[in-house]
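Coordinates as given in run-v8.pdb (PDB, C-alpha atoms, pLDDT in the B column):
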ATOM      1  CA  MET A 624       0.000   0.000   0.000  1.00 48.00           C
ATOM      2  CA  ARG A 625       1.379   3.412  -0.936  1.00 51.00           C
ATOM      3  CA  SER A 626       1.720   5.836   1.909  1.00 50.00           C
ATOM      4  CA  GLY A 627       1.807   9.059  -0.110  1.00 53.00           C
ATOM      5  CA  HIS A 628       4.274  11.927   0.130  1.00 54.00           C
ATOM      6  CA  GLY A 629       4.305  12.194   3.927  1.00 55.00           C
ATOM      7  CA  GLY A 630       5.128   8.572   4.810  1.00 58.00           C
ATOM      8  CA  SER A 631       8.048   6.273   4.259  1.00 62.00           C
ATOM      9  CA  PRO A 632       8.694   4.984   0.744  1.00 64.00           C
ATOM     10  CA  ASP A 633       7.018   1.747  -0.268  1.00 82.00           C
ATOM     11  CA  PHE A 634       8.727  -1.459  -1.447  1.00 78.00           C
ATOM     12  CA  HIS A 635       9.168  -0.378  -5.077  1.00 80.00           C
ATOM     13  CA  GLU A 636      10.461   3.094  -4.201  1.00 82.00           C
ATOM     14  CA  ARG A 637      13.095   1.589  -1.884  1.00 83.00           C
ATOM     15  CA  HIS A 638      14.267  -0.745  -4.622  1.00 84.00           C
ATOM     16  CA  LEU A 639      14.387   2.139  -7.078  1.00 82.00           C
ATOM     17  CA  MET A 640      16.563   4.121  -4.662  1.00 86.00           C
ATOM     18  CA  LEU A 641      18.901   1.137  -4.204  1.00 87.00           C
ATOM     19  CA  PHE A 642      19.114   0.729  -7.986  1.00 87.00           C
ATOM     20  CA  LEU A 643      19.986   4.414  -8.402  1.00 86.00           C
ATOM     21  CA  VAL A 644      22.692   4.219  -5.726  1.00 87.00           C
ATOM     22  CA  ALA A 645      24.176   1.125  -7.377  1.00 87.00           C
ATOM     23  CA  ALA A 646      24.049   2.783 -10.806  1.00 84.00           C
ATOM     24  CA  LEU A 647      25.814   5.896  -9.513  1.00 84.00           C
ATOM     25  CA  LEU A 648      28.467   3.770  -7.803  1.00 83.00           C
ATOM     26  CA  LEU A 649      29.091   1.880 -11.037  1.00 81.00           C
ATOM     27  CA  LEU A 650      29.225   5.138 -12.968  1.00 80.00           C
ATOM     28  CA  GLY A 651      31.773   6.509 -10.507  1.00 76.00           C
ATOM     29  CA  LEU A 652      33.768   3.306 -10.749  1.00 76.00           C
ATOM     30  CA  MET A 653      33.793   3.419 -14.543  1.00 74.00           C
ATOM     31  CA  LEU A 654      34.243   7.144 -15.186  1.00 71.00           C
ATOM     32  CA  GLY A 655      35.155   8.973 -12.007  1.00 75.00           C
ATOM     33  CA  THR A 656      38.305   9.476 -10.037  1.00 71.00           C
ATOM     34  CA  VAL A 657      37.632   6.291  -8.069  1.00 68.00           C
ATOM     35  CA  ALA A 658      38.774   4.390 -11.179  1.00 71.00           C
ATOM     36  CA  HIS A 659      42.308   5.677 -10.478  1.00 84.00           C
ATOM     37  CA  ALA A 660      42.318   4.722  -6.806  1.00 84.00           C
ATOM     38  CA  PRO A 661      43.467   1.321  -5.560  1.00 89.00           C
ATOM     39  CA  LEU A 662      40.717  -1.280  -5.228  1.00 87.00           C
ATOM     40  CA  SER A 663      41.254  -1.630  -1.460  1.00 92.00           C
ATOM     41  CA  PHE A 664      40.773   2.117  -0.959  1.00 89.00           C
ATOM     42  CA  THR A 665      37.650   2.070  -3.133  1.00 84.00           C
ATOM     43  CA  LEU A 666      36.135  -0.808  -1.134  1.00 89.00           C
ATOM     44  CA  VAL A 667      36.893   0.868   2.212  1.00 92.00           C
ATOM     45  CA  ALA A 668      35.427   4.174   1.015  1.00 88.00           C
ATOM     46  CA  ALA A 669      32.320   2.382  -0.301  1.00 88.00           C
ATOM     47  CA  ALA A 670      31.893   0.615   3.054  1.00 93.00           C
ATOM     48  CA  VAL A 671      32.218   3.887   4.990  1.00 93.00           C
ATOM     49  CA  ILE A 672      29.672   5.600   2.745  1.00 90.00           C
ATOM     50  CA  GLY A 673      27.331   2.599   3.016  1.00 91.00           C
ATOM     51  CA  VAL A 674      27.477   2.655   6.825  1.00 94.00           C
ATOM     52  CA  TRP A 675      26.904   6.408   6.806  1.00 93.00           C
ATOM     53  CA  LEU A 676      23.830   6.009   4.589  1.00 90.00           C
ATOM     54  CA  ALA A 677      22.518   3.127   6.695  1.00 91.00           C
ATOM     55  CA  VAL A 678      22.831   5.163   9.911  1.00 92.00           C
ATOM     56  CA  PHE A 679      21.071   8.079   8.215  1.00 90.00           C
ATOM     57  CA  ALA A 680      18.249   5.805   7.010  1.00 88.00           C
ATOM     58  CA  VAL A 681      17.771   4.279  10.475  1.00 90.00           C
ATOM     59  CA  ARG A 682      17.701   7.725  12.113  1.00 89.00           C
ATOM     60  CA  GLU A 683      15.203   9.010   9.539  1.00 85.00           C
ATOM     61  CA  ARG A 684      12.947   5.982   9.951  1.00 85.00           C
ATOM     62  CA  HIS A 685      13.123   6.228  13.741  1.00 82.00           C
ATOM     63  CA  GLY A 686      12.331   9.960  13.626  1.00 77.00           C
ATOM     64  CA  ARG A 687       9.357   9.458  11.325  1.00 75.00           C
ATOM     65  CA  ARG A 688       7.900   6.734  13.550  1.00 73.00           C
ATOM     66  CA  ARG A 689       8.066   9.019  16.567  1.00 70.00           C
ATOM     67  CA  GLY A 690       6.628  11.931  14.608  1.00 63.00           C
ATOM     68  CA  THR A 691       9.495  14.263  15.472  1.00 55.00           C
ATOM     69  CA  SER A 692      10.783  15.060  11.989  1.00 51.00           C
ATOM     70  CA  SER A 693      12.349  18.503  11.700  1.00 52.00           C
TER      71      SER A 693
END
Encoding of this model in C-alpha coordinates:
Amino acid sequence: MRSGHGGSPDFHERHLMLFLVAALLLLGLMLGTVAHAPLSFTLVAAAVIGVWLAVFAVRERHGRRRGTSS
(Lines of atoms letter the chains of each structure in order from A and count residues from 1; the text may use other names and numbers.)
(Lines give C-alpha, C1' and ligand atoms only; values in the text may rest on other atoms or scores of the structure.)
Protein backbone atom coordinates (compact mmCIF):
# COMPACT_ATOMS: atom_id res chain seq x y z
CA MET A 1 0.00 0.00 0.00
CA ARG A 2 1.38 3.41 -0.94
CA SER A 3 1.72 5.84 1.91
CA GLY A 4 1.81 9.06 -0.11
CA HIS A 5 4.27 11.93 0.13
CA GLY A 6 4.31 12.19 3.93
CA GLY A 7 5.13 8.57 4.81
CA SER A 8 8.05 6.27 4.26
CA PRO A 9 8.69 4.98 0.74
CA ASP A 10 7.02 1.75 -0.27
CA PHE A 11 8.73 -1.46 -1.45
CA HIS A 12 9.17 -0.38 -5.08
CA GLU A 13 10.46 3.09 -4.20
CA ARG A 14 13.10 1.59 -1.88
CA HIS A 15 14.27 -0.75 -4.62
CA LEU A 16 14.39 2.14 -7.08
CA MET A 17 16.56 4.12 -4.66
CA LEU A 18 18.90 1.14 -4.20
CA PHE A 19 19.11 0.73 -7.99
CA LEU A 20 19.99 4.41 -8.40
CA VAL A 21 22.69 4.22 -5.73
CA ALA A 22 24.18 1.13 -7.38
CA ALA A 23 24.05 2.78 -10.81
CA LEU A 24 25.81 5.90 -9.51
CA LEU A 25 28.47 3.77 -7.80
CA LEU A 26 29.09 1.88 -11.04
CA LEU A 27 29.22 5.14 -12.97
CA GLY A 28 31.77 6.51 -10.51
CA LEU A 29 33.77 3.31 -10.75
CA MET A 30 33.79 3.42 -14.54
CA LEU A 31 34.24 7.14 -15.19
CA GLY A 32 35.16 8.97 -12.01
CA THR A 33 38.30 9.48 -10.04
CA VAL A 34 37.63 6.29 -8.07
CA ALA A 35 38.77 4.39 -11.18
CA HIS A 36 42.31 5.68 -10.48
CA ALA A 37 42.32 4.72 -6.81
CA PRO A 38 43.47 1.32 -5.56
CA LEU A 39 40.72 -1.28 -5.23
CA SER A 40 41.25 -1.63 -1.46
CA PHE A 41 40.77 2.12 -0.96
CA THR A 42 37.65 2.07 -3.13
CA LEU A 43 36.14 -0.81 -1.13
CA VAL A 44 36.89 0.87 2.21
CA ALA A 45 35.43 4.17 1.02
CA ALA A 46 32.32 2.38 -0.30
CA ALA A 47 31.89 0.61 3.05
CA VAL A 48 32.22 3.89 4.99
CA ILE A 49 29.67 5.60 2.74
CA GLY A 50 27.33 2.60 3.02
CA VAL A 51 27.48 2.66 6.83
CA TRP A 52 26.90 6.41 6.81
CA LEU A 53 23.83 6.01 4.59
CA ALA A 54 22.52 3.13 6.70
CA VAL A 55 22.83 5.16 9.91
CA PHE A 56 21.07 8.08 8.21
CA ALA A 57 18.25 5.81 7.01
CA VAL A 58 17.77 4.28 10.47
CA ARG A 59 17.70 7.72 12.11
CA GLU A 60 15.20 9.01 9.54
CA ARG A 61 12.95 5.98 9.95
CA HIS A 62 13.12 6.23 13.74
CA GLY A 63 12.33 9.96 13.63
CA ARG A 64 9.36 9.46 11.33
CA ARG A 65 7.90 6.73 13.55
CA ARG A 66 8.07 9.02 16.57
CA GLY A 67 6.63 11.93 14.61
CA THR A 68 9.49 14.26 15.47
CA SER A 69 10.78 15.06 11.99
CA SER A 70 12.35 18.50 11.70
*Which distance in Å separates CA of Val671 (chain A) and CA of Leu639 (chain A), to one decimal?*
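About the pair CA of Val671 (chain A) and CA of Leu639 (chain A): they are 21.6 Å apart.
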*Identify which of the residues A:Ile672, A:Val667, A:Ala680, A:Ala658 lies closest to Met640 (chain A), counting all atoms listed in the file when measuring atom-to-atom distances.*
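When distances to Met640 (chain A) are compared using all atoms listed in the file, the smallest one comes from A:Ala680.
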_If I take CA of Ser663 (chain A) and CA of Leu647 (chain A), how far is one from the other in Å, to one decimal?_
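Taking CA of Ser663 (chain A) as the start and CA of Leu647 (chain A) as the end point, the length is 19.0 Å.
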*Taking all atoms listed in the file into account, which of A:Leu648, A:Gly655, A:Leu641, A:Gly686 comes nearest Ala669 (chain A)?*
A:Leu648
*From the set A:Asp633, A:Thr665, A:Val678, A:Arg688, which residue has the shortest atom-to-atom contact distance to Leu649 (chain A), counting all atoms listed in the file?*
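Nearest candidate to Leu649 (chain A) out of A:Asp633, A:Thr665, A:Val678, A:Arg688: A:Thr665.
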_Could you tell me how far CA of Ala645 (chain A) sits from CA of Glu683 (chain A), in Å to one decimal place?_
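We find that CA of Glu683 (chain A) and CA of Ala645 (chain A) lie 20.7 Å from each other.
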Once 6 Å is added on each side, what are the centre and the three edge lengths, in Å to one decimal, of the axis-aligned box enclosing the listed atoms of region 642-659 of chain A? Present them as AutoDock Vina command-line options.
--center_x 30.7 --center_y 5.1 --center_z -10.5 --size_x 35.2 --size_y 20.7 --size_z 21.5
Final all heavy atoms of region 639-650 of chain A as a CSV table (one decimal), in the coordinates of the input:
chain,number,residue,atom,x,y,z
A,639,LEU,N,13.9,1.2,-6.1
A,639,LEU,CA,14.4,2.1,-7.1
A,639,LEU,C,15.6,3.0,-6.5
A,639,LEU,O,16.5,3.2,-7.2
A,639,LEU,CB,13.2,3.1,-7.5
A,639,LEU,CG,13.6,4.2,-8.4
A,639,LEU,CD1,14.1,3.6,-9.8
A,639,LEU,CD2,12.4,5.1,-8.6
A,640,MET,N,15.5,3.4,-5.3
A,640,MET,CA,16.6,4.1,-4.7
A,640,MET,C,17.8,3.3,-4.6
A,640,MET,O,18.9,3.8,-4.9
A,640,MET,CB,16.2,4.6,-3.3
A,640,MET,CG,15.2,5.7,-3.3
A,640,MET,SD,14.9,6.4,-1.7
A,640,MET,CE,13.8,5.2,-0.9
A,641,LEU,N,17.7,2.0,-4.2
A,641,LEU,CA,18.9,1.1,-4.2
A,641,LEU,C,19.5,1.0,-5.6
A,641,LEU,O,20.7,1.0,-5.8
A,641,LEU,CB,18.5,-0.2,-3.6
A,641,LEU,CG,18.3,-0.3,-2.1
A,641,LEU,CD1,17.8,-1.6,-1.7
A,641,LEU,CD2,19.5,0.1,-1.4
A,642,PHE,N,18.6,0.8,-6.6
A,642,PHE,CA,19.1,0.7,-8.0
A,642,PHE,C,19.9,2.0,-8.4
A,642,PHE,O,20.9,1.9,-9.0
A,642,PHE,CB,17.9,0.5,-8.9
A,642,PHE,CG,18.3,0.5,-10.4
A,642,PHE,CD1,19.0,-0.5,-11.0
A,642,PHE,CD2,18.1,1.7,-11.1
A,642,PHE,CE1,19.4,-0.5,-12.3
A,642,PHE,CE2,18.5,1.7,-12.5
A,642,PHE,CZ,19.1,0.6,-13.0
A,643,LEU,N,19.3,3.2,-8.0
A,643,LEU,CA,20.0,4.4,-8.4
A,643,LEU,C,21.3,4.6,-7.7
A,643,LEU,O,22.3,5.0,-8.3
A,643,LEU,CB,19.1,5.6,-8.1
A,643,LEU,CG,17.8,5.7,-8.9
A,643,LEU,CD1,17.0,6.9,-8.4
A,643,LEU,CD2,18.2,6.0,-10.4
A,644,VAL,N,21.4,4.2,-6.4
A,644,VAL,CA,22.7,4.2,-5.7
A,644,VAL,C,23.7,3.3,-6.4
A,644,VAL,O,24.9,3.7,-6.6
A,644,VAL,CB,22.5,3.9,-4.2
A,644,VAL,CG1,23.8,3.6,-3.5
A,644,VAL,CG2,21.7,5.0,-3.5
A,645,ALA,N,23.3,2.1,-6.7
A,645,ALA,CA,24.2,1.1,-7.4
A,645,ALA,C,24.6,1.7,-8.7
A,645,ALA,O,25.8,1.5,-9.1
A,645,ALA,CB,23.5,-0.2,-7.5
A,646,ALA,N,23.7,2.2,-9.5
A,646,ALA,CA,24.0,2.8,-10.8
A,646,ALA,C,25.1,3.9,-10.7
A,646,ALA,O,26.0,4.0,-11.5
A,646,ALA,CB,22.8,3.3,-11.5
A,647,LEU,N,24.9,4.8,-9.7
A,647,LEU,CA,25.8,5.9,-9.5
A,647,LEU,C,27.2,5.4,-9.1
A,647,LEU,O,28.2,5.9,-9.5
A,647,LEU,CB,25.3,6.9,-8.5
A,647,LEU,CG,24.1,7.8,-9.0
A,647,LEU,CD1,23.5,8.6,-7.9
A,647,LEU,CD2,24.6,8.6,-10.2
A,648,LEU,N,27.2,4.4,-8.2
A,648,LEU,CA,28.5,3.8,-7.8
A,648,LEU,C,29.2,3.2,-9.0
A,648,LEU,O,30.4,3.4,-9.2
A,648,LEU,CB,28.2,2.7,-6.7
A,648,LEU,CG,29.5,2.0,-6.2
A,648,LEU,CD1,30.4,3.0,-5.6
A,648,LEU,CD2,29.1,0.9,-5.3
A,649,LEU,N,28.5,2.5,-9.8
A,649,LEU,CA,29.1,1.9,-11.0
A,649,LEU,C,29.6,3.0,-12.0
A,649,LEU,O,30.7,2.8,-12.6
A,649,LEU,CB,28.1,0.9,-11.7
A,649,LEU,CG,27.9,-0.4,-11.0
A,649,LEU,CD1,26.8,-1.2,-11.8
A,649,LEU,CD2,29.1,-1.2,-11.0
A,650,LEU,N,28.8,4.0,-12.1
A,650,LEU,CA,29.2,5.1,-13.0
A,650,LEU,C,30.5,5.8,-12.4
A,650,LEU,O,31.4,6.0,-13.2
A,650,LEU,CB,28.1,6.2,-13.1
A,650,LEU,CG,28.4,7.4,-13.9
A,650,LEU,CD1,28.6,7.0,-15.4
A,650,LEU,CD2,27.3,8.5,-13.8
